[in-house]
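Okay, structure24.txt is below, compact mmCIF, C-alpha atoms and all ligand atoms:
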# COMPACT_ATOMS: atom_id res chain seq x y z
CA MET K 950 92.57 151.12 102.79
CA LYS K 951 91.49 147.48 103.21
CA LYS K 952 93.67 145.47 105.58
CA THR K 953 93.67 141.66 105.31
CA LEU K 954 95.34 139.08 107.52
CA ILE K 955 96.05 135.58 106.27
CA SER K 956 96.90 133.35 109.22
CA ASN K 957 97.91 129.70 109.78
CA GLY K 958 99.29 129.34 106.27
CA ILE K 959 102.53 128.01 104.85
CA PHE K 960 104.35 130.73 102.92
CA ILE K 961 107.06 130.43 100.31
CA SER K 962 108.39 133.97 100.25
CA ASN K 963 111.31 133.74 97.75
CA LYS K 964 113.16 136.27 99.92
CA GLU K 965 116.91 136.07 99.30
CA ASP K 966 117.82 135.44 102.94
CA ASN K 967 114.79 133.40 103.93
CA LYS K 968 114.34 129.76 104.81
CA SER K 969 112.41 128.04 102.06
CA SER K 970 109.03 128.09 103.83
CA ILE K 971 107.50 129.53 106.99
CA ARG K 972 104.32 128.67 108.84
CA GLY K 973 102.65 131.93 109.80
CA CYS K 974 100.85 135.05 108.61
CA MET K 975 100.83 137.66 105.90
CA VAL K 976 99.22 141.11 105.94
CA ILE K 977 98.00 142.89 102.82
CA GLU K 978 97.11 146.58 102.86
CA GLY K 979 95.62 147.94 99.64
CA SER K 980 97.75 146.60 96.81
CA GLN K 981 100.80 145.81 98.93
CA ILE K 982 102.16 143.19 101.28
CA THR K 983 103.04 144.92 104.54
CA TYR K 984 104.05 141.99 106.75
CA ILE K 985 105.06 138.36 106.58
CA GLY K 986 106.15 136.41 109.64
CA GLU K 987 105.33 133.77 112.21
CA GLN K 988 102.96 135.83 114.38
CA ALA K 989 100.27 138.36 113.39
CA PRO K 990 101.65 141.84 114.11
CA GLU K 991 98.34 143.21 115.48
CA SER K 992 95.25 141.82 117.19
CA ILE K 993 92.58 140.22 114.99
CA GLU K 994 90.14 143.13 115.46
CA SER K 995 92.39 145.52 113.56
CA TYR K 996 91.82 143.74 110.22
CA ASP K 997 88.94 144.19 107.76
CA GLU K 998 89.25 140.55 106.70
CA VAL K 999 90.89 137.57 108.39
CA ILE K 1000 91.48 134.49 106.26
CA ASP K 1001 92.26 131.10 107.71
CA GLY K 1002 95.13 129.78 105.62
CA SER K 1003 95.15 126.28 107.12
CA ASN K 1004 95.90 123.61 104.52
CA LYS K 1005 97.01 126.23 102.05
CA LEU K 1006 100.40 127.00 100.62
CA TYR K 1007 100.92 130.65 99.66
CA MET K 1008 103.54 131.55 97.09
CA PRO K 1009 104.30 134.37 94.64
CA GLY K 1010 102.16 134.35 91.49
CA LEU K 1011 103.74 132.70 88.47
CA VAL K 1012 105.20 134.91 85.73
CA ASN K 1013 104.88 133.67 82.16
CA THR K 1014 107.42 135.65 80.13
CA HIS K 1015 106.46 134.61 76.61
CA GLY K 1016 103.22 133.74 74.87
CA HIS K 1017 100.51 134.45 72.35
CA ALA K 1018 97.26 134.12 74.29
CA ALA K 1019 94.84 134.10 71.36
CA MET K 1020 96.53 130.99 69.98
CA SER K 1021 94.30 128.94 72.29
CA LEU K 1022 92.07 128.92 69.19
CA LEU K 1023 94.79 126.88 67.46
CA ARG K 1024 95.39 124.40 70.29
CA GLY K 1025 95.76 120.94 68.78
CA TYR K 1026 95.98 122.34 65.26
CA GLY K 1027 99.25 121.53 63.50
CA ASP K 1028 100.58 119.19 66.19
CA ASP K 1029 103.84 117.32 65.61
CA LEU K 1030 105.45 119.63 63.09
CA ALA K 1031 108.72 121.58 63.18
CA LEU K 1032 108.62 125.37 63.62
CA GLN K 1033 108.96 126.66 60.06
CA ILE K 1034 106.38 124.33 58.51
CA TRP K 1035 104.13 124.79 61.55
CA LEU K 1036 104.26 128.58 61.09
CA GLU K 1037 104.11 128.77 57.31
CA GLU K 1038 101.60 126.01 56.59
CA LYS K 1039 99.44 125.99 59.70
CA MET K 1040 99.62 129.05 62.00
CA TRP K 1041 99.97 131.95 59.60
CA PRO K 1042 97.22 130.84 57.17
CA MET K 1043 94.80 130.43 60.09
CA GLU K 1044 95.90 133.64 61.84
CA ALA K 1045 95.28 135.54 58.59
CA LYS K 1046 91.58 134.81 59.21
CA PHE K 1047 91.60 136.06 62.83
CA THR K 1048 89.39 139.06 63.55
CA SER K 1049 89.52 141.20 66.68
CA GLN K 1050 86.63 139.07 68.02
CA ASP K 1051 88.75 135.94 67.69
CA VAL K 1052 91.61 137.58 69.57
CA LYS K 1053 89.14 138.84 72.17
CA TRP K 1054 87.72 135.41 73.00
CA GLY K 1055 90.88 133.37 72.38
CA THR K 1056 92.79 135.66 74.73
CA ARG K 1057 90.07 135.60 77.38
CA LEU K 1058 90.06 131.81 77.36
CA SER K 1059 93.84 131.81 77.86
CA ILE K 1060 93.65 134.41 80.62
CA LEU K 1061 91.11 132.20 82.38
CA GLU K 1062 93.40 129.22 82.02
CA MET K 1063 96.39 131.21 83.24
CA ILE K 1064 94.85 132.85 86.28
CA LYS K 1065 93.00 129.72 87.41
CA GLY K 1066 96.36 127.97 87.11
CA GLY K 1067 98.27 130.50 89.22
CA THR K 1068 99.85 132.79 86.62
CA THR K 1069 99.48 136.40 87.76
CA THR K 1070 101.63 138.10 85.10
CA PHE K 1071 102.02 137.25 81.44
CA VAL K 1072 103.82 138.59 78.40
CA ASP K 1073 101.77 138.64 75.22
CA MET K 1074 102.93 139.31 71.67
CA TYR K 1075 100.15 139.31 69.08
CA ASP K 1076 97.86 141.29 66.78
CA HIS K 1077 94.59 143.12 67.66
CA MET K 1078 96.27 143.97 70.95
CA ASN K 1079 93.61 146.42 72.14
CA GLU K 1080 91.46 143.35 72.78
CA VAL K 1081 94.24 141.80 74.84
CA ALA K 1082 94.62 144.99 76.87
CA PHE K 1083 90.86 145.18 77.53
CA ALA K 1084 90.93 141.56 78.69
CA VAL K 1085 93.85 142.23 81.05
CA GLU K 1086 92.08 145.30 82.40
CA GLU K 1087 88.89 143.36 83.11
CA SER K 1088 90.53 140.19 84.44
CA GLY K 1089 92.65 142.00 87.05
CA MET K 1090 95.77 140.21 85.82
CA ARG K 1091 99.13 141.88 85.12
CA GLY K 1092 100.28 141.97 81.47
CA VAL K 1093 103.34 143.05 79.52
CA LEU K 1094 101.86 143.52 76.09
CA THR K 1095 103.22 144.11 72.61
CA ARG K 1096 101.92 144.15 69.06
CA GLY K 1097 104.25 141.73 67.27
CA VAL K 1098 105.18 142.84 63.75
CA ILE K 1099 106.17 140.61 60.87
CA GLY K 1100 107.87 142.54 58.08
CA LEU K 1101 107.43 140.08 55.22
CA CYS K 1102 105.08 142.47 53.40
CA PRO K 1103 105.11 145.56 51.15
CA PRO K 1104 106.60 148.80 52.61
CA ASP K 1105 103.21 150.49 53.11
CA VAL K 1106 101.96 147.51 55.12
CA GLN K 1107 105.16 147.47 57.18
CA THR K 1108 104.62 151.14 57.96
CA ALA K 1109 100.97 150.61 58.90
CA LYS K 1110 101.87 147.74 61.26
CA LEU K 1111 104.61 149.77 62.91
CA LYS K 1112 102.24 152.68 63.39
CA GLU K 1113 99.69 150.38 65.00
CA ALA K 1114 102.33 148.83 67.28
CA THR K 1115 103.55 152.31 68.26
CA GLU K 1116 100.07 153.61 69.03
CA PHE K 1117 99.27 150.54 71.06
CA ALA K 1118 102.49 150.77 73.08
CA LYS K 1119 101.99 154.50 73.68
CA ASN K 1120 98.32 154.29 74.64
CA TRP K 1121 98.49 151.35 77.05
CA HIS K 1122 101.81 151.72 78.90
CA GLY K 1123 101.06 152.13 82.61
CA LYS K 1124 97.29 151.61 82.19
CA ALA K 1125 94.97 149.39 84.30
CA ASP K 1126 96.34 150.93 87.51
CA GLY K 1127 99.86 150.21 86.29
CA ARG K 1128 99.15 146.51 85.67
CA ILE K 1129 99.83 146.91 81.95
CA THR K 1130 103.23 147.80 80.53
CA THR K 1131 104.20 147.61 76.87
CA MET K 1132 107.11 146.76 74.60
CA MET K 1133 107.99 146.95 70.89
CA SER K 1134 108.32 143.66 68.99
CA PRO K 1135 109.93 142.75 65.72
CA HIS K 1136 108.65 139.15 65.53
CA ALA K 1137 112.06 137.59 64.65
CA PRO K 1138 115.23 138.30 62.66
CA TYR K 1139 113.97 135.94 59.93
CA THR K 1140 110.63 137.74 59.51
CA CYS K 1141 111.83 141.35 59.75
CA PRO K 1142 114.29 142.88 57.27
CA PRO K 1143 117.21 144.76 58.92
CA ASP K 1144 115.97 148.27 58.04
CA TYR K 1145 112.56 147.44 59.52
CA ILE K 1146 114.14 146.23 62.75
CA GLU K 1147 116.11 149.51 62.91
CA ARG K 1148 112.89 151.50 62.58
CA ILE K 1149 111.31 149.50 65.40
CA VAL K 1150 114.37 150.08 67.60
CA GLN K 1151 114.07 153.81 66.93
CA VAL K 1152 110.46 153.79 68.14
CA ALA K 1153 111.48 151.86 71.27
CA HIS K 1154 114.07 154.59 71.92
CA ASP K 1155 111.54 157.35 71.34
CA LEU K 1156 109.00 155.76 73.70
CA ASN K 1157 111.64 154.54 76.17
CA LEU K 1158 110.32 150.97 75.93
CA PRO K 1159 111.94 147.53 75.89
CA ILE K 1160 112.08 145.20 72.90
CA HIS K 1161 110.75 141.65 72.76
CA THR K 1162 111.57 139.27 69.93
CA HIS K 1163 111.92 135.58 69.06
CA MET K 1164 115.58 134.66 68.55
CA SER K 1165 117.73 131.59 67.88
CA GLU K 1166 114.85 129.18 68.24
CA THR K 1167 115.98 126.58 65.69
CA ARG K 1168 119.23 125.48 64.08
CA ARG K 1169 117.66 126.27 60.71
CA GLU K 1170 117.03 129.88 61.81
CA VAL K 1171 120.68 130.32 62.80
CA GLU K 1172 121.96 128.82 59.54
CA GLY K 1173 119.54 130.95 57.53
CA ASN K 1174 120.67 134.09 59.34
CA VAL K 1175 124.35 133.33 58.62
CA GLU K 1176 123.53 132.65 54.96
CA GLN K 1177 121.44 135.80 54.51
CA TYR K 1178 123.25 138.31 56.72
CA GLY K 1179 126.67 136.77 57.39
CA ALA K 1180 126.13 136.67 61.15
CA ARG K 1181 124.42 134.56 63.76
CA PRO K 1182 121.19 136.09 65.15
CA ALA K 1183 122.65 137.60 68.35
CA ALA K 1184 125.46 139.40 66.49
CA HIS K 1185 122.98 140.45 63.79
CA LEU K 1186 120.57 142.01 66.31
CA GLU K 1187 123.49 143.62 68.16
CA LYS K 1188 124.58 145.26 64.90
CA LEU K 1189 121.06 146.56 64.29
CA GLY K 1190 121.08 148.27 67.70
CA VAL K 1191 118.36 146.09 69.24
CA PHE K 1192 120.33 145.51 72.44
CA THR K 1193 120.77 149.24 73.01
CA ARG K 1194 117.23 148.89 74.35
CA PRO K 1195 116.37 146.65 77.32
CA THR K 1196 115.59 143.39 75.52
CA LEU K 1197 113.73 140.17 76.24
CA VAL K 1198 114.28 137.39 73.73
CA ALA K 1199 112.13 134.30 73.55
CA HIS K 1200 113.80 130.88 73.17
CA GLY K 1201 117.58 131.40 72.73
CA VAL K 1202 117.93 127.67 72.09
CA HIS K 1203 120.89 127.70 69.69
CA LEU K 1204 123.47 130.01 71.22
CA ASN K 1205 127.23 129.57 71.14
CA ASP K 1206 129.60 130.89 73.83
CA GLU K 1207 130.28 134.11 71.91
CA GLU K 1208 126.57 134.84 71.66
CA ILE K 1209 126.07 134.15 75.37
CA ALA K 1210 128.81 136.71 76.03
CA ILE K 1211 127.04 139.27 73.81
CA LEU K 1212 123.72 138.71 75.60
CA LYS K 1213 125.38 139.03 79.00
CA GLN K 1214 127.21 142.20 77.93
CA TYR K 1215 123.94 143.93 77.04
CA ASP K 1216 121.95 142.41 79.94
CA VAL K 1217 119.56 140.81 77.45
CA ARG K 1218 116.98 138.62 79.16
CA ILE K 1219 115.86 135.24 77.83
CA SER K 1220 112.48 133.57 78.17
CA HIS K 1221 113.20 129.84 78.21
CA ASN K 1222 110.22 127.90 76.78
CA PRO K 1223 111.08 124.23 77.35
CA GLY K 1224 107.64 122.78 76.52
CA SER K 1225 107.29 124.61 73.22
CA ASN K 1226 110.91 123.90 72.23
CA LEU K 1227 110.42 120.19 72.84
CA LYS K 1228 107.11 120.01 71.01
CA LEU K 1229 108.38 121.84 67.92
CA ALA K 1230 111.57 119.74 68.06
CA SER K 1231 113.61 122.95 68.24
CA GLY K 1232 116.08 121.65 70.82
CA VAL K 1233 117.00 122.36 74.43
CA ALA K 1234 118.35 125.76 75.45
CA ARG K 1235 121.64 125.91 77.39
CA LEU K 1236 119.91 127.04 80.57
CA PRO K 1237 122.56 125.96 83.12
CA GLU K 1238 125.37 127.61 81.10
CA LEU K 1239 123.30 130.77 80.57
CA LEU K 1240 122.60 131.03 84.29
CA ARG K 1241 126.25 130.43 85.10
CA ALA K 1242 127.22 133.18 82.65
CA GLY K 1243 124.92 135.56 84.53
CA VAL K 1244 122.25 135.95 81.84
CA LYS K 1245 118.84 136.75 83.36
CA MET K 1246 116.57 133.82 82.57
CA SER K 1247 112.87 133.16 83.05
CA LEU K 1248 110.18 130.76 81.82
CA GLY K 1249 107.40 131.00 79.25
CA THR K 1250 104.80 128.68 77.81
CA ASP K 1251 104.69 130.20 74.30
CA GLY K 1252 101.21 129.87 72.71
CA ALA K 1253 98.78 127.03 73.33
CA ALA K 1254 99.37 125.71 69.81
CA SER K 1255 102.95 124.71 70.64
CA ASN K 1256 102.67 123.57 74.25
CA ASN K 1257 99.62 122.77 74.45
CA ASN K 1258 98.59 124.25 77.79
CA LEU K 1259 99.53 127.36 79.73
CA ASP K 1260 100.48 125.62 82.98
CA MET K 1261 103.61 127.29 84.38
CA PHE K 1262 104.04 124.50 86.95
CA GLU K 1263 104.76 122.25 83.97
CA GLU K 1264 107.39 124.65 82.65
CA MET K 1265 109.10 124.75 86.05
CA ARG K 1266 109.12 120.97 86.22
CA LEU K 1267 110.37 120.63 82.64
CA ALA K 1268 113.15 123.14 83.32
CA ALA K 1269 114.19 121.22 86.42
CA LEU K 1270 114.06 117.83 84.68
CA ILE K 1271 115.31 118.19 81.11
CA HIS K 1272 118.54 119.91 82.05
CA LYS K 1273 119.37 117.12 84.50
CA GLY K 1274 118.76 114.63 81.70
CA VAL K 1275 120.75 116.52 79.08
CA SER K 1276 123.74 117.32 81.32
CA GLY K 1277 123.81 114.19 83.46
CA ASP K 1278 124.06 116.52 86.45
CA PRO K 1279 121.20 116.15 88.98
CA LEU K 1280 122.05 119.61 90.31
CA ALA K 1281 121.86 121.30 86.88
CA ILE K 1282 118.61 123.08 87.81
CA PRO K 1283 117.61 122.39 91.43
CA ALA K 1284 113.96 122.78 92.49
CA LYS K 1285 114.60 126.12 94.21
CA GLU K 1286 116.08 127.56 91.02
CA ALA K 1287 113.17 126.30 88.91
CA LEU K 1288 110.75 128.00 91.30
CA LEU K 1289 112.68 131.27 91.12
CA LEU K 1290 112.72 131.05 87.31
CA GLY K 1291 108.92 130.81 87.33
CA THR K 1292 108.44 133.67 89.79
CA ARG K 1293 111.01 136.24 90.93
CA MET K 1294 113.41 135.88 88.00
CA GLY K 1295 110.43 136.08 85.67
CA ALA K 1296 109.44 139.41 87.18
CA GLU K 1297 113.03 140.70 86.98
CA SER K 1298 113.23 139.61 83.35
CA ILE K 1299 110.40 141.94 82.42
CA TRP K 1300 111.58 144.83 84.55
CA LEU K 1301 108.95 144.44 87.26
CA ASP K 1302 110.86 145.01 90.47
CA ASN K 1303 107.90 144.89 92.84
CA VAL K 1304 106.48 141.43 92.12
CA GLY K 1305 107.88 137.91 92.37
CA SER K 1306 108.39 137.54 96.12
CA LEU K 1307 106.30 137.85 99.27
CA GLU K 1308 107.92 140.62 101.31
CA PRO K 1309 106.82 143.93 102.81
CA GLY K 1310 106.74 146.58 100.11
CA MET K 1311 106.07 144.13 97.29
CA LYS K 1312 102.82 144.09 95.34
CA ALA K 1313 100.28 141.59 96.66
CA ASP K 1314 100.52 139.21 93.67
CA PHE K 1315 100.26 135.75 95.17
CA ILE K 1316 98.46 132.43 94.88
CA ALA K 1317 97.27 129.72 97.25
CA LEU K 1318 97.49 125.99 96.58
CA ASP K 1319 95.26 123.45 98.28
CA ILE K 1320 97.81 121.21 99.99
CA ASP K 1321 95.25 118.96 101.67
CA GLN K 1322 95.82 116.42 98.89
CA PRO K 1323 97.81 113.18 98.67
CA HIS K 1324 100.48 114.56 96.34
CA PHE K 1325 101.49 117.23 98.89
CA LEU K 1326 102.41 114.67 101.57
CA PRO K 1327 104.66 114.28 103.43
CA LYS K 1328 104.73 117.89 104.64
CA THR K 1329 108.47 118.16 104.29
CA ASP K 1330 109.90 120.22 101.45
CA PHE K 1331 107.23 122.36 99.83
CA VAL K 1332 109.59 123.88 97.27
CA SER K 1333 110.20 120.35 96.02
CA HIS K 1334 106.46 119.62 95.99
CA ILE K 1335 105.70 122.80 94.01
CA VAL K 1336 108.22 121.95 91.30
CA TYR K 1337 108.07 118.17 91.14
CA SER K 1338 104.50 117.39 92.19
CA ALA K 1339 102.11 120.35 91.86
CA SER K 1340 100.09 121.48 88.84
CA ALA K 1341 97.78 124.31 87.80
CA LYS K 1342 94.86 122.27 89.13
CA ASP K 1343 96.06 122.76 92.73
CA VAL K 1344 95.54 126.54 92.64
CA VAL K 1345 92.52 127.71 94.64
CA ASP K 1346 93.00 131.43 95.29
CA VAL K 1347 94.71 134.14 93.26
CA CYS K 1348 95.36 137.74 94.28
CA VAL K 1349 96.82 140.40 91.99
CA ASP K 1350 97.64 143.94 93.10
CA GLY K 1351 95.79 143.24 96.37
CA THR K 1352 92.56 142.16 94.64
CA TRP K 1353 91.22 138.60 94.70
CA ILE K 1354 90.59 137.48 91.13
CA VAL K 1355 90.16 133.76 91.88
CA ARG K 1356 88.59 132.37 95.06
CA LYS K 1357 87.95 128.67 95.72
CA GLY K 1358 88.94 127.95 92.13
CA GLU K 1359 86.33 130.31 90.62
CA CYS K 1360 87.31 133.34 88.58
CA LEU K 1361 85.64 136.42 90.11
CA THR K 1362 86.39 138.88 87.33
CA LEU K 1363 85.52 137.09 84.10
CA ASP K 1364 82.40 135.17 83.08
CA GLU K 1365 83.82 131.70 82.39
CA GLU K 1366 80.68 130.23 80.79
CA LYS K 1367 80.27 133.16 78.40
CA ILE K 1368 83.95 133.01 77.43
CA LYS K 1369 83.70 129.29 76.64
CA ARG K 1370 80.54 129.86 74.57
CA GLU K 1371 82.02 132.75 72.59
CA PHE K 1372 85.29 130.87 72.11
CA GLU K 1373 83.40 127.94 70.55
CA ILE K 1374 81.61 130.32 68.17
CA CYS K 1375 84.95 131.78 67.03
CA PHE K 1376 86.44 128.30 66.73
CA ASP K 1377 83.52 127.05 64.60
CA ARG K 1378 83.86 129.98 62.23
CA LEU K 1379 87.63 129.57 61.89
CA ARG K 1380 87.97 125.84 61.80
CA GLY K 1381 84.49 124.42 61.29
C1 LIG K 1401 103.31 138.66 65.11
S1 LIG K 1401 102.34 138.03 66.36
C2 LIG K 1401 103.20 136.62 66.95
C3 LIG K 1401 103.44 135.55 65.92
O1 LIG K 1401 104.31 134.63 66.49
C4 LIG K 1401 103.96 133.36 66.03
N1 LIG K 1401 104.55 132.35 66.90
C5 LIG K 1401 103.96 131.62 67.83
N2 LIG K 1401 104.85 130.79 68.41
C6 LIG K 1401 106.02 131.04 67.79
C7 LIG K 1401 107.31 130.52 67.92
O2 LIG K 1401 107.60 129.55 68.79
N3 LIG K 1401 108.29 130.99 67.14
C8 LIG K 1401 108.04 131.95 66.24
N4 LIG K 1401 106.82 132.48 66.06
C9 LIG K 1401 105.84 132.02 66.83
C10 LIG K 1401 102.48 133.38 66.00
O3 LIG K 1401 101.97 132.34 65.23
C11 LIG K 1401 102.21 134.77 65.48
O4 LIG K 1401 102.15 134.76 64.09
ZN ZN K 1402 106.41 132.81 70.58
Using the file provided, produce a representation of the structure as structure tokens.
Amino acid sequence: MKKTLISNGIFISNKEDNKSSIRGCMVIEGSQITYIGEQAPESIESYDEVIDGSNKLYMPGLVNTHGHAAMSLLRGYGDDLALQIWLEEKMWPMEAKFTSQDVKWGTRLSILEMIKGGTTTFVDMYDHMNEVAFAVEESGMRGVLTRGVIGLCPPDVQTAKLKEATEFAKNWHGKADGRITTMMSPHAPYTCPPDYIERIVQVAHDLNLPIHTHMSETRREVEGNVEQYGARPAAHLEKLGVFTRPTLVAHGVHLNDEEIAILKQYDVRISHNPGSNLKLASGVARLPELLRAGVKMSLGTDGAASNNNLDMFEEMRLAALIHKGVSGDPLAIPAKEALLLGTRMGAESIWLDNVGSLEPGMKADFIALDIDQPHFLPKTDFVSHIVYSASAKDVVDVCVDGTWIVRKGECLTLDEEKIKREFEICFDRLRG
């Protein structure tokens, strides 16, 4: 088993009882971290590889808990619209033209953007998901994948989509050396009739899988749900049995206290997507209150058509900043909490208990930032610098499951030039 020593680095471990950063060493054996501390545990000769970590900051890989990778093809299309019009008049008509090739190259472009920017795990809800799984397998990244189903269609089409989602979830769970896990996904309460949601929940039970859905993203959605079903979305999904499965909801912007209590009761996790919620004018989620209530929170970018990049550093900064602005409390989301939301809490939100911090026994999913740059001085509080000053462009090395997938800013697993060429071909066909 390959044994690597990284020495002379600065490490942000995220360990519960740890000081925020240490100057020292980390040892990786196979896919795992086996040591982190100030001094190397063994002499240099006992390692297969020794890396000089001077001028680098090592931290856990970022975890993006909600997105639609292939939507990179729709970046900049339908800007400055609110959700429902954006979906109905822009996204869905274009997505109806997507082939598996479009999803293949759109997803690969997003994976490139994500890994080069320090994201080591992502959640993806889309169609043509075999292509997403192949891309995850090849890239070396970690993915929690799900075929999202929209039930606004005839019963036979609903059944076909559910069958496809079920087959995908069954076939890919635990694949790519365990780097892929799967979920079942009714797209949203406003796009899936109640009986369809119940059928999806039944499949999740049968396959012992979690559920991922969009929920309470806009005020209009909440009002529509009350009008149509006599209940707000959280109570509606509770009634349909969704929360009897481990559940991750995206957005959760418009939640009242009663709904927060329901989500806490069922240990439902929420992916907070501040960039997308601002751009689509959906609102600002009650992140500080949700955290105080004990709801497990994390961060997501959503797709590149509503963000418009996949830079998780931006989401951490937005989370830290907008809640200060909205509440008037500078401590609403401190830097340390924003960092945890983008890393360890992200991993916990998607039931990955062995990534998100740098400690012995954890998977070697970590990134290195080049801190020999003006915006990382003075060398005082690196947690602050990560959240308030860093960006995806600072990432130089990325390791997932003990394998380097980015070195010196270059992706080692995917052919960047080919992906860009093929992406442009897909784009020209779709939008030319
Ligand atoms: C059924 S595949 C996923 C589906 O979700 C759409 N989508 C992208 N962003 C959002 C969002 O913020 N809210 C709701 N739905 C969204 C995407 O266009 C796909 O159709
Ligand atoms: Zn989404």
request  = Check which residues fall inside 12 Å of ligand ZN 1402 (chain K) when counting all atoms listed in the file, and print them as a PyMOL selection string.
outcome  = chain K and resi 1013-1020+1032+1036+1040+1072-1075+1095+1097+1134-1137+1161-1166+1197-1201+1220-1226+1229+1249-1256
ask   = Looking at all atoms listed in the file, which of K:Arg1378, K:Arg1293, K:Ala1153, K:Thr1131 is the one that sits closest to K:Leu1307?
value =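 Smallest distance to K:Leu1307 is found for K:Arg1293.
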Is it possible to get the axis-aligned box enclosing ligand LIG 1401 (chain K) (all listed atoms, 4 Å extra per side) as JSON, with centre and edge lengths in Å rounded to one decimal?
{"center_x": 105.1, "center_y": 134.1, "center_z": 66.4, "size_x": 14.3, "size_y": 17.1, "size_z": 12.7}
query = Which neighbours of K:Phe1192 fall inside 12 Å, counting only C-alpha atoms, when residues of the same chain fewer than 3 positions from it are skipped, and could you give them as a VMD selection string?
reply = chain K and resid 1146 to 1147 1150 to 1151 1153 to 1154 1158 to 1162 1182 to 1189 1195 to 1198 1211 to 1218
query = So which one's closest to ligand LIG 1401 (chain K), K:Met1008, K:Cys1348, K:Ile977, K:Cys1141? Using all atoms listed in the file, please.
reply =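 Among K:Met1008, K:Cys1348, K:Ile977, K:Cys1141, it is K:Cys1141 that comes nearest to ligand LIG 1401 (chain K).
Of note, atom N4 of ligand LIG 1401 (chain K) and atom CA of K:Gly1232 are spaced 15.0 Å apart.
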task = May I ask which of the residues K:Gly1067, K:Gly1243, K:Pro1327, K:Gly979 is the closest one to K:Met950, counting all atoms listed in the file?
result = K:Gly979
ask   = Suppose you want the space between atom CA of K:Asp1260 and atom CA of K:Ile1064; what is it in Å?
value =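 Atom CA of K:Ile1064 lies 9.7 Å from atom CA of K:Asp1260.
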message = From the options K:Ile971, K:Val1202, K:Arg1148, K:Ile1129, which residue's atoms come nearest to ligand LIG 1401 (chain K), counting all atoms listed in the file?
response =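 Nearest candidate to ligand LIG 1401 (chain K) out of K:Ile971, K:Val1202, K:Arg1148, K:Ile1129: K:Val1202.
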